[in-house]
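Trainee: Sharing a structure, written as structure tokens. Questions coming.
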There are 2 protein chains.
Amino acid sequence: MEHKIIYLDNNATTKVDEHVLEAMLPYLKKYYANPSSMYSFGGIAQRAIIEAREQIREFVHAKSSKEIFFTSCGSESANMAIKGVLASEKTKKHIITTKVEHPCVLNLYKTLEKEGYKVDYIGVNAHGDLELEELANAVNENTALVSCMWANNETGIIFPIEKISQIVKSKNKDTKIFVDAVQAAGKIPMDVQSADIDLMAISGHKFHAPKGVGALYVKSGTLFTPLIVGGHQERGKRAGTENVPYIVGIGKAAQLAKEGLVHEATEVKRLRDKLESNILKTVFNSRLNSGVANRVPNTTNIGFEYIEGELILLHLSDCGICASSGSACTSGSLEPSHVLKAMGTPFTALHGSIRFSLSRFTTEKEIDFVLAVMPRIIKKLIKISPFQNKLEILKKHKTHVN
Amino acid sequence: MEHKIIYLDNNATTKVDEHVLEAMLPYLKKYYANPSSMYSFGGIAQRAIIEAREQIREFVHAKSSKEIFFTSCGSESANMAIKGVLASEKTKKHIITTKVEHPCVLNLYKTLEKEGYKVDYIGVNAHGDLELEELANAVNENTALVSCMWANNETGIIFPIEKISQIVKSKNKDTKIFVDAVQAAGKIPMDVQSADIDLMAISGHKFHAPKGVGALYVKSGTLFTPLIVGGHQERGKRAGTENVPYIVGIGKAAQLAKEGLVHEATEVKRLRDKLESNILKTVFNSRLNSGVANRVPNTTNIGFEYIEGELILLHLSDCGICASSGSACTSGSLEPSHVLKAMGTPFTALHGSIRFSLSRFTTEKEIDFVLAVMPRIIKKLIKISPFQNKLEILKKHKTHVN
């Protein structure tokens, strides 16, 4: 790597905050005991876990730290929540989710359909907002679970979880609500109590903890069957010797993320808006793939019509700029984004859409650099685009509008 | 913690080797990209995973690194293997395991029994050796899985996996063999090919990688259904953004463990034997809870008749010595060890049994210290034992024998 890296792919993963690493290191070095051990050396690790659990409780505003379970990632949290609830409620075979969920969650529902579940996928409008009426109509007495993301990984669009919960519970108070909050965590305030959520998954590496640790909130009293059966860890709900260093890490990262929410909403948002508005202004074939309202502050998804997203990424990568198209979990696939498709994004922009996702470590200088190179890259790719006629028409139209 | 810690509980967990931590740190600091990313920055993480997978392949002597899957712990590996094989072979409802498996595995079988599986638990003799005839008789055409540990966590006793595999396959060649090699890894050589194993679980934190990473070997061609469904990671068999630092860590730890096998078999064994023989010589109410043959080199399990194990541990802890009774996963429980019970260990020693498990970091000085304090601790506890008469008889008898 010769280039300095400009990392604008923070929805894929984030850099571990140095304060998080600092908090973790003693548990990777000195305090290595198994927290289940009887001797006092084990007590040090045990107390560290208790503190981290409390930090996560505060982060999601759970009533009790007993409602927090540590896992190895967001995917495990989601699998544990969804399979766990369904296994404890075997008579109800109806699930509702959305068309724009993370592929991890959607793939799980595809496998559940094969096992006999009926899954309804609620759509979104052109701005990415969930069709709430469609949701209300879908809930019935057989609905075991409504599964909905808090913020979309590709567009950053925020779903109104509190309202969704109200709609669902008013139709069927026994239906459980699982929220994939992986992309909301650290970007916007979360309150599982006021939102009336039953289960919620978060993933540490999306808010500056390492990859390989997640958490699951389960409202007290919610029945669920463990995914990983074995030892008594996590109150019998998740077996396996606790990953003490990473648990300490996600706790510390949650604390920092909570403290940093104002910074996200102001400074990170300012830089995102600057990046976004300047690209939209200077690149004639660009379009914003979402409404501007109700987005997390760090994400923008911009379509470049008639050119290939993968080529843009390649040229950005050559300049040391990390961005993405779609989710990292589907990269390598040639299918266009299911999220943009669900929003009715025109075919002309579907293949040329790029997500930039910032973090608290993003600097103004980095944004300026991206703004400097982006028009050049697009100009070059327009030249080799096979859709020259269409681009000409678009250019005239846009110039006219401006 | 005022005392210097003398850590003789390496079957519960181990210290992270500083070379392992050193190998991991760049991925906790600089190379934080999501390995699934398109840009070259992601390629660094991707290549690190490829190298680690190859290190694990060498460690277990798999044919191909495609047979290695990274997980978050031994428990996940076991759940993934067992549930994964059974879900892909739904017509066969018979499982065979042993009475002395790790509680994690046994608990899983208890839940599978509730789901309609018939599980046979094969016993062991007084030395801890598996009843192979009982095993041979148990295998039938409906046997989906034989699940057996390689080395026992409490006694260190090694099961003859190669022979077990031959017995099982000769009775039913379609029966899959899952080996829990968590306690064998790093202590004795392992060869999944010569042992003819279908699936095998290992856990990094038992051989000086951190807690929170494991691996599962699955022989090429073995059908299994994923436990954590979602993204394409681990070739679609285990979703979740890869824990790159820990994957690098377990790879490095495996390499070091493989290189250290001779040291285990000589120096670690020498210290274990010294500890064991001296305790047996100097403490009159002590007995070895296993045969001496076929044990991993680092483990000894000694019973102290008519006194309480928890009290011994407490006094050892006061001296800074970490040891254990039973497995860490069941600590806090008052039930005596199911392993020792299966071996027919007399009731008089069952509650007073202590496991010492050494590592390559154990020093002669530490062993000498334990040997100095142990007789004093036992003497003190004998004084307060309610079984004075029995102890008197035992003492006379033992003195006579000596």
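Here's how to read the names in the structure tokens: chain A, B, ... by the order shown, residue numbers from 1 in each chain, ligand numbers from 1 in the order shown.
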Compute the set of chain B residues within 6 Å of chain A, using only C-alpha atoms, and express it as a PyMOL selection string.

Mentor: chain B and resi 13+15+32+34+36-37+39+72+75-76+104+107-108+211-212+228-231+240+243+317+328-329

Trainee: Going by DSSP on the backbone, which bits of region 147-302 of chain B are helix (DSSP H, G or I)? Write them as a PyMOL selection string, please.

Mentor: chain B and resi 161-171+204-206+234-236+244-259+261-282

Trainee: Store the residues of this selection in a file with C-alpha atoms, as a compact mmCIF listing (two decimals), in the first residue's frame.

Mentor:
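File written: again-v2.txt
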# COMPACT_ATOMS: atom_id res chain seq x y z
CA ILE B 161 -9.41 -41.76 17.52
CA GLU B 162 -7.91 -43.73 14.65
CA LYS B 163 -9.12 -47.02 16.13
CA ILE B 164 -12.52 -45.52 17.00
CA SER B 165 -12.90 -44.33 13.45
CA GLN B 166 -12.01 -47.79 12.08
CA ILE B 167 -14.54 -49.48 14.36
CA VAL B 168 -17.30 -47.06 13.41
CA LYS B 169 -16.64 -47.02 9.67
CA SER B 170 -16.39 -50.82 9.54
CA LYS B 171 -19.88 -51.03 11.03
CA GLY B 204 -7.71 -21.09 19.82
CA HIS B 205 -7.61 -20.10 23.47
CA LYS B 206 -6.53 -23.58 24.52
CA GLU B 234 -16.29 -18.92 4.85
CA ARG B 235 -17.60 -20.12 1.50
CA GLY B 236 -21.20 -19.63 2.59
CA VAL B 244 -9.24 -10.92 10.98
CA PRO B 245 -6.99 -10.24 14.00
CA TYR B 246 -8.04 -13.39 15.83
CA ILE B 247 -7.93 -15.49 12.67
CA VAL B 248 -4.35 -14.32 12.21
CA GLY B 249 -3.84 -15.13 15.89
CA ILE B 250 -5.14 -18.68 15.78
CA GLY B 251 -3.07 -19.30 12.64
CA LYS B 252 0.11 -18.12 14.32
CA ALA B 253 -0.75 -19.99 17.52
CA ALA B 254 -1.28 -23.18 15.51
CA GLN B 255 2.09 -22.78 13.86
CA LEU B 256 3.81 -22.28 17.23
CA ALA B 257 1.87 -25.15 18.78
CA LYS B 258 2.92 -27.51 16.01
CA GLU B 259 6.54 -26.46 16.42
CA LEU B 261 4.89 -30.47 20.25
CA VAL B 262 8.26 -32.00 21.10
CA HIS B 263 8.67 -29.53 23.96
CA GLU B 264 5.21 -30.54 25.21
CA ALA B 265 6.08 -34.22 25.08
CA THR B 266 9.38 -33.73 26.92
CA GLU B 267 9.72 -30.63 29.07
CA VAL B 268 6.04 -29.97 29.86
CA LYS B 269 5.60 -33.67 30.56
CA ARG B 270 8.67 -33.71 32.80
CA LEU B 271 7.28 -30.88 34.94
CA ARG B 272 3.81 -32.45 35.05
CA ASP B 273 5.30 -35.78 36.10
CA LYS B 274 7.39 -34.08 38.76
CA LEU B 275 4.36 -32.28 40.17
CA GLU B 276 2.25 -35.40 40.08
CA SER B 277 4.69 -37.90 41.50
CA ASN B 278 5.76 -35.60 44.32
CA ILE B 279 2.21 -34.83 45.39
CA LEU B 280 1.34 -38.52 45.31
CA LYS B 281 4.46 -39.24 47.39
CA THR B 282 4.10 -36.49 49.98

Trainee: Go through region 76-154 of chain A and collect every residue that DSSP, computed from the backbone, puts in strand (DSSP E or B); the answer should be as a list in words.

Mentor: His94, Ile95, Ile96, Thr97, Thr98, Lys118, Val119, Asp120, Tyr121, Ile122, Val124, Leu130, Thr143, Ala144, Leu145, Val146, Ser147, Cys148, Met149 and Ala151 of chain A

Trainee: Would you pick out the contacts of Phe347 (chain A) at 9 Å or less, using only C-alpha atoms, so that residues sharing its chain but fewer than 3 positions from it are not included, and give the list as a PDB file with N, CA and C atoms, in the first residue's frame?

Mentor:
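The result, written out as around.pdb:
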ATOM      1  N   GLU A 305     -24.990   7.814 -13.561  1.00  0.00           N
ATOM      2  CA  GLU A 305     -25.744   7.146 -14.625  1.00  0.00           C
ATOM      3  C   GLU A 305     -24.856   6.728 -15.796  1.00  0.00           C
ATOM      4  N   TYR A 306     -25.186   5.577 -16.336  1.00  0.00           N
ATOM      5  CA  TYR A 306     -24.559   5.029 -17.542  1.00  0.00           C
ATOM      6  C   TYR A 306     -23.093   4.620 -17.372  1.00  0.00           C
ATOM      7  N   LYS A 341     -32.886  -1.411  -6.033  1.00  0.00           N
ATOM      8  CA  LYS A 341     -33.949  -1.968  -6.879  1.00  0.00           C
ATOM      9  C   LYS A 341     -35.313  -1.801  -6.202  1.00  0.00           C
ATOM     10  N   GLY A 344     -36.817   1.443  -6.590  1.00  0.00           N
ATOM     11  CA  GLY A 344     -37.150   1.823  -7.952  1.00  0.00           C
ATOM     12  C   GLY A 344     -36.100   2.725  -8.595  1.00  0.00           C
ATOM     13  N   LEU A 350     -28.458   2.123 -11.544  1.00  0.00           N
ATOM     14  CA  LEU A 350     -28.392   0.981 -10.631  1.00  0.00           C
ATOM     15  C   LEU A 350     -26.991   0.368 -10.581  1.00  0.00           C
ATOM     16  N   HIS A 351     -26.367   0.303 -11.738  1.00  0.00           N
ATOM     17  CA  HIS A 351     -25.050  -0.354 -11.796  1.00  0.00           C
ATOM     18  C   HIS A 351     -23.912   0.595 -11.487  1.00  0.00           C
TER      19      HIS A 351
END

Trainee: From the options B:Arg360, B:Lys187, B:Arg295, B:Lys173, which residue's atoms come nearest to Leu8 (chain B), counting only C-alpha atoms?

Mentor: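 For Leu8 (chain B), the nearest of the given residues is B:Arg360.
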